[in-house]
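Peer 1: Let me give you the structure first, and then I'll get to my questions.
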Amino acid sequence: MATPSSAPALRVTFQGAARTVTGSMHLVEAGGVKLLLDCGLFQGRRAEERARNCCFPFDPRAIDVVVLSHAHIDHSGNLPNLVRQGFSGPIYCTPATLDLLSVMLTDSAKIQEEDAAYLNRHREPGEPPIEPLYERRDVFRTIKLACAIPYDRPHDILPGIQARFVDAGHLLGSAMVALHLEVGGKEHAITFTGDLGRRGLPILRDPAPIPPGELLISESTYGGHTHPPADSLVDGLEQVVRRTAERGGKVLVPAFSVGRTQTVLYYLHQLMSAGRLAPLPIFVDSPLASAATEVFRLHPECFDDETAVLLQDDPDLFGQKRVHYIQSVEESKRLNAVREPCVIIAASGMCESGRILHHLKHNIEDPRATVLIIGFQAPETLGRRLVERRPQVRILNKMLQVRAEVAVMNGFSSHADQQDFLSFLAPLAGQVRAVRLVHGEIDRAQALADSLRAAGFPDVQIPEPGDSFTLE
């Protein structure tokens, strides 16, 4: 392997999450070595998803190291495929990310295997069999390559390349990546925000200050958008659950199993403990969410001060006494027979797979029910169609009328909004040579780009997939 000083060019190529929100992946080439920032799954229409995820725009065997910002599948989910295709170097992440990675990638592999088996059962005669993108054995090999680095501890990951993780406040263990590189006798700094969290949300600490760098690669998911105040989330959730319960319906919450589910449980627990909501059954129909909640308990070092104090006084903060964690498919199916009001939280967050599909199928035509959307919904997903209030949607190959209430509460998002971005980024004006905005749809990224230019950043661009930026 060559050392970074053997060639002068430092190039970053934006291979994923360019002008879209999923599939985060950026290739850093520094004097003969290749470093990958994130290796996420692209999520969207099944055919496009498969085509994008199965083939990498580079040789996986040529990648020397992966630096992972956090465990969400759109940032980590294609790592086992990278390993399956020949990558064998280290994967650096924070300790909490490593623990989450094991449960999340195992669950992802299970979904890949089950989807392939389903498609093979329904393929036309003569069609070749479908192979899963990766299998659980690929996950085991991936986890063996993972190496944990605590926050704020610089670590030499390759000759002449140092990485430091800084708390991003987005998900348990999420990090910004500050790279220091010596290339051709020159020193360079690159900062990758990963996914930035919000100020004032419960459980996790607020994001730390963003480290300056010549090149800043920033997410832009909610550029130009302002979330409702965090305090209003409790009131909104209370109203949705109360009115649904009063009409005898179920509240269905499509939620990412890691992060969003724990936040909803936290708020429901607080509302019921304060007497603002009458106790009612809460079902978390996701083995992954159950396992992830246990990982949360293992990492109190990631919690903000308020949550740490609350946990000392109330170990039931995530609602174990009120929450039923569903494991088996049989248990999940029995929820269809529940007639009294309840809350059902199930993956996936964009309604594209998982047990939420079965609950939607059985309740979407029930006017007493509510589908509570609490996260970003990518284009062409079922979740986006529900947000768009389509009168009919296809669920598990069946067209159904949307008679249930669809409530949207984007305030639950753990992504920074426009005001957060300006607060985090404005202090770096004059310290950053170039900004490249990723992980955002073009209108959101453009709104943030305009604001950053007005704030004094001289070079702000929104790269196309495959575009590169070179530091000399």
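By convention in this document, the chains of the structure tokens carry letters A, B, ... by their order, each chain's residues are numbered from 1, and ligands are numbered from 1 in the order they are shown.
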I want to know what sits within 10 Å of Thr22 (chain A), based on only C-alpha atoms, with residues of the same chain fewer than 2 positions away left out; could you give that as a ChimeraX atom specification?

Peer 2: /A:16-20,24-25,40-44,73-75,378,438-441

Peer 1: If you run DSSP on this backbone, which residues of region 321-416 of chain A come out as strand (DSSP E), and could you give them as a list in words?

Peer 2: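 Written out, the strand (DSSP E) residues of region 321-416 of chain A are Val323, His324, Tyr325, Cys342, Val343, Ile344, Ile345, Ala346, Thr370, Val371, Leu372, Ile373, Gln392, Val393, Arg394, Ile395, Lys398, Met399, Leu400, Gln401, Glu405, Val406, Ala407 and Val408 of chain A.
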
Peer 1: With N, CA and C atoms kept, could you save the residues just selected as a JSON list (two decimals), in the first residue's frame?

Peer 2:
[["chain", "number", "residue", "atom", "x", "y", "z"],
["A", 323, "VAL", "N", -44.71, -0.78, 28.06],
["A", 323, "VAL", "CA", -44.46, -1.14, 26.66],
["A", 323, "VAL", "C", -44.35, -2.66, 26.52],
["A", 324, "HIS", "N", -45.01, -3.16, 25.48],
["A", 324, "HIS", "CA", -44.91, -4.59, 25.14],
["A", 324, "HIS", "C", -44.01, -4.70, 23.92],
["A", 325, "TYR", "N", -42.89, -5.35, 24.08],
["A", 325, "TYR", "CA", -41.97, -5.54, 22.97],
["A", 325, "TYR", "C", -42.33, -6.85, 22.26],
["A", 342, "CYS", "N", -54.76, 1.68, 21.10],
["A", 342, "CYS", "CA", -53.38, 1.37, 21.46],
["A", 342, "CYS", "C", -52.45, 2.13, 20.53],
["A", 343, "VAL", "N", -51.18, 2.09, 20.85],
["A", 343, "VAL", "CA", -50.14, 2.65, 19.99],
["A", 343, "VAL", "C", -49.27, 1.50, 19.52],
["A", 344, "ILE", "N", -49.06, 1.43, 18.20],
["A", 344, "ILE", "CA", -48.19, 0.41, 17.63],
["A", 344, "ILE", "C", -47.05, 1.11, 16.90],
["A", 345, "ILE", "N", -45.84, 0.90, 17.37],
["A", 345, "ILE", "CA", -44.64, 1.47, 16.75],
["A", 345, "ILE", "C", -43.92, 0.34, 16.03],
["A", 346, "ALA", "N", -43.69, 0.50, 14.74],
["A", 346, "ALA", "CA", -43.06, -0.59, 13.97],
["A", 346, "ALA", "C", -42.24, -0.01, 12.83],
["A", 370, "THR", "N", -55.15, 6.23, 13.12],
["A", 370, "THR", "CA", -54.26, 7.31, 12.71],
["A", 370, "THR", "C", -52.91, 6.73, 12.34],
["A", 371, "VAL", "N", -52.38, 7.18, 11.20],
["A", 371, "VAL", "CA", -50.99, 6.88, 10.83],
["A", 371, "VAL", "C", -50.19, 8.14, 11.16],
["A", 372, "LEU", "N", -49.29, 8.02, 12.14],
["A", 372, "LEU", "CA", -48.51, 9.16, 12.59],
["A", 372, "LEU", "C", -47.12, 9.10, 11.97],
["A", 373, "ILE", "N", -46.87, 10.00, 11.01],
["A", 373, "ILE", "CA", -45.58, 10.06, 10.31],
["A", 373, "ILE", "C", -44.67, 11.01, 11.08],
["A", 392, "GLN", "N", -55.49, 6.61, -2.57],
["A", 392, "GLN", "CA", -55.26, 5.17, -2.60],
["A", 392, "GLN", "C", -53.76, 4.92, -2.55],
["A", 393, "VAL", "N", -53.38, 3.83, -1.91],
["A", 393, "VAL", "CA", -51.98, 3.42, -1.89],
["A", 393, "VAL", "C", -51.92, 1.90, -2.05],
["A", 394, "ARG", "N", -50.81, 1.46, -2.61],
["A", 394, "ARG", "CA", -50.61, 0.02, -2.75],
["A", 394, "ARG", "C", -49.77, -0.47, -1.57],
["A", 395, "ILE", "N", -50.32, -1.45, -0.87],
["A", 395, "ILE", "CA", -49.64, -2.04, 0.27],
["A", 395, "ILE", "C", -49.64, -3.55, 0.09],
["A", 398, "LYS", "N", -51.64, -4.76, -2.88],
["A", 398, "LYS", "CA", -53.09, -4.56, -2.87],
["A", 398, "LYS", "C", -53.39, -3.07, -2.77],
["A", 399, "MET", "N", -54.25, -2.56, -3.67],
["A", 399, "MET", "CA", -54.65, -1.16, -3.63],
["A", 399, "MET", "C", -55.70, -0.97, -2.53],
["A", 400, "LEU", "N", -55.44, -0.01, -1.64],
["A", 400, "LEU", "CA", -56.33, 0.23, -0.51],
["A", 400, "LEU", "C", -56.69, 1.71, -0.43],
["A", 401, "GLN", "N", -57.91, 1.99, 0.05],
["A", 401, "GLN", "CA", -58.35, 3.37, 0.26],
["A", 401, "GLN", "C", -57.75, 3.90, 1.55],
["A", 405, "GLU", "N", -56.80, 8.64, 9.44],
["A", 405, "GLU", "CA", -56.18, 9.96, 9.53],
["A", 405, "GLU", "C", -54.67, 9.79, 9.31],
["A", 406, "VAL", "N", -54.07, 10.71, 8.56],
["A", 406, "VAL", "CA", -52.61, 10.74, 8.41],
["A", 406, "VAL", "C", -52.13, 12.03, 9.06],
["A", 407, "ALA", "N", -51.42, 11.88, 10.17],
["A", 407, "ALA", "CA", -50.87, 13.03, 10.89],
["A", 407, "ALA", "C", -49.36, 13.07, 10.67],
["A", 408, "VAL", "N", -48.84, 14.25, 10.39],
["A", 408, "VAL", "CA", -47.41, 14.41, 10.12],
["A", 408, "VAL", "C", -46.82, 15.34, 11.18]]

Peer 1: Need to verify the contact set: Asn81 (chain A), 10 Å, only C-alpha atoms, exclusion of same-chain residues closer than 4 positions in sequence. Can you return it as a VMD selection string?

Peer 2: chain A and resid 39 41 53 to 56 60 77 85 to 87 109 132 to 135 138 to 139 142

Peer 1: Please provide the set of residues having any atom within 9 Å of Ala163 (chain A), restricted to only C-alpha atoms, with same-chain residues fewer than 2 positions apart removed, written as a list in words.

Peer 2: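 Listing them by chain and then by number gives Val67, Arg153, Pro154, His155, Asp156, Ile157, Ile161, Phe165, Val177, Ala178, Leu179, His180 and Leu181 of chain A.
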
Peer 1: Write a file of the just-selected residues containing N, CA and C atoms, as a PDB file, in the first residue's frame.

Peer 2:
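File produced: part.pdb:
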ATOM      1  N   VAL A  67     -14.418   4.936   7.356  1.00  0.00           N
ATOM      2  CA  VAL A  67     -14.722   5.716   8.558  1.00  0.00           C
ATOM      3  C   VAL A  67     -16.231   5.959   8.555  1.00  0.00           C
ATOM      4  N   ARG A 153     -10.887  11.720  20.507  1.00  0.00           N
ATOM      5  CA  ARG A 153      -9.584  11.092  20.675  1.00  0.00           C
ATOM      6  C   ARG A 153      -8.950  10.888  19.296  1.00  0.00           C
ATOM      7  N   PRO A 154      -8.026  11.746  18.875  1.00  0.00           N
ATOM      8  CA  PRO A 154      -7.401  11.587  17.553  1.00  0.00           C
ATOM      9  C   PRO A 154      -6.745  10.215  17.425  1.00  0.00           C
ATOM     10  N   HIS A 155      -6.896   9.617  16.233  1.00  0.00           N
ATOM     11  CA  HIS A 155      -6.368   8.270  16.015  1.00  0.00           C
ATOM     12  C   HIS A 155      -5.757   8.187  14.615  1.00  0.00           C
ATOM     13  N   ASP A 156      -4.547   7.661  14.525  1.00  0.00           N
ATOM     14  CA  ASP A 156      -3.905   7.459  13.227  1.00  0.00           C
ATOM     15  C   ASP A 156      -4.503   6.225  12.567  1.00  0.00           C
ATOM     16  N   ILE A 157      -5.266   6.443  11.487  1.00  0.00           N
ATOM     17  CA  ILE A 157      -5.953   5.326  10.836  1.00  0.00           C
ATOM     18  C   ILE A 157      -5.183   4.796   9.632  1.00  0.00           C
ATOM     19  N   ILE A 161      -2.608   9.942   7.991  1.00  0.00           N
ATOM     20  CA  ILE A 161      -4.029  10.295   8.066  1.00  0.00           C
ATOM     21  C   ILE A 161      -4.524  10.045   9.484  1.00  0.00           C
ATOM     22  N   PHE A 165     -13.394  11.695  16.015  1.00  0.00           N
ATOM     23  CA  PHE A 165     -14.847  11.717  16.046  1.00  0.00           C
ATOM     24  C   PHE A 165     -15.325  12.801  17.021  1.00  0.00           C
ATOM     25  N   VAL A 177     -16.811  13.679  11.486  1.00  0.00           N
ATOM     26  CA  VAL A 177     -15.473  13.135  11.257  1.00  0.00           C
ATOM     27  C   VAL A 177     -14.536  14.276  10.878  1.00  0.00           C
ATOM     28  N   ALA A 178     -13.504  14.467  11.668  1.00  0.00           N
ATOM     29  CA  ALA A 178     -12.473  15.468  11.355  1.00  0.00           C
ATOM     30  C   ALA A 178     -11.221  14.720  10.910  1.00  0.00           C
ATOM     31  N   LEU A 179     -10.856  14.891   9.633  1.00  0.00           N
ATOM     32  CA  LEU A 179      -9.670  14.228   9.075  1.00  0.00           C
ATOM     33  C   LEU A 179      -8.522  15.219   8.973  1.00  0.00           C
ATOM     34  N   HIS A 180      -7.360  14.800   9.406  1.00  0.00           N
ATOM     35  CA  HIS A 180      -6.130  15.564   9.215  1.00  0.00           C
ATOM     36  C   HIS A 180      -5.219  14.713   8.337  1.00  0.00           C
ATOM     37  N   LEU A 181      -4.804  15.269   7.191  1.00  0.00           N
ATOM     38  CA  LEU A 181      -4.049  14.490   6.212  1.00  0.00           C
ATOM     39  C   LEU A 181      -2.770  15.224   5.820  1.00  0.00           C
TER      40      LEU A 181
END

Peer 1: Can you tell me, as a PyMOL selection string, what residues are no more than 7 Å from Pro367 (chain A) when counting only C-alpha atoms, ignoring any on the same chain fewer than 2 positions away?

Peer 2: chain A and resi 365+369+403-405

Peer 1: Do you know which residues are at most 8 Å from Leu204 (chain A) counting only C-alpha atoms, after dropping those on the same chain fewer than 6 positions away, and could you put them as a tab-separated table (two decimals) with C-alpha atoms, in the first residue's frame?

Peer 2:
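Generated file (part_9.tsv):
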chain	number	residue	atom	x	y	z
A	169	GLY	CA	-26.02	14.63	18.51
A	170	HIS	CA	-28.12	12.87	15.86
A	171	LEU	CA	-28.20	9.23	17.02
A	172	LEU	CA	-26.62	7.27	19.82
A	302	CYS	CA	-24.06	9.73	25.14
A	303	PHE	CA	-27.00	11.13	27.15
A	304	ASP	CA	-27.54	14.78	27.97
A	307	THR	CA	-31.69	12.46	30.76

Peer 1: Restricting the calculation to only C-alpha atoms, which member of A:Cys351, A:Leu437, A:Ala455, A:Leu271 is positioned closest to Tyr222 (chain A)?

Peer 2: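 Among the listed residues, A:Leu437 lies closest to Tyr222 (chain A).
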
Peer 1: Write out as a VMD selection string which residues come within 10 Å of Glu238 (chain A) when counting only C-alpha atoms, dropping same-chain ones fewer than 3 positions away.

Peer 2: chain A and resid 232 to 235 241 to 243 267 to 268 271 to 272 276 to 277

Peer 1: Would you please work out which residue, of A:Val166, A:Leu396, A:Ile63, A:Leu428, is nearest to Gly32 (chain A) when using only C-alpha atoms?

Peer 2: A:Ile63

Peer 1: Can you tell me, as JSON, numbers by chain, which residues in region 281-408 of chain A count as helix (DSSP H, G or I) by DSSP?

Peer 2: {"A": [287, 288, 289, 290, 291, 292, 293, 294, 295, 296, 297, 298, 300, 301, 302, 305, 306, 307, 308, 309, 310, 311, 312, 313, 329, 330, 331, 332, 333, 334, 335, 336, 337, 356, 357, 358, 359, 360, 361, 362, 363, 382, 383, 384, 385, 386, 387]}

Peer 1: Using only C-alpha atoms, pick whichever of A:Gln461, A:Phe140, A:Leu145, A:Lys34 has the shortest atom-to-atom distance to Asp59 (chain A).

Peer 2: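 Closest candidate: A:Lys34.
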
Peer 1: One decimal, in Å: what's the spacing between CA of Glu182 (chain A) and CA of Gly213 (chain A)?

Peer 2: 13.5 Å

Peer 1: Measuring between only C-alpha atoms, which one of A:Arg61, A:Gly23, A:Glu131, A:Ala255 shows the shortest distance to Leu35 (chain A)?

Peer 2: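 With only C-alpha atoms as the atom set, the closest residue is A:Arg61.
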
Peer 1: Pick out the closest residue to Thr263 (chain A) from this set: A:Gly375, A:Pro341, A:Gly194, A:Gly89. Count only C-alpha atoms.

Peer 2: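 The closest residue to Thr263 (chain A) is A:Gly375.
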
Peer 1: Out of A:Lys361, A:Ala454, A:Asp107, A:Gln270, which residue has the shortest atom-to-atom distance to Leu310 (chain A) when counting only C-alpha atoms?

Peer 2: A:Gln270
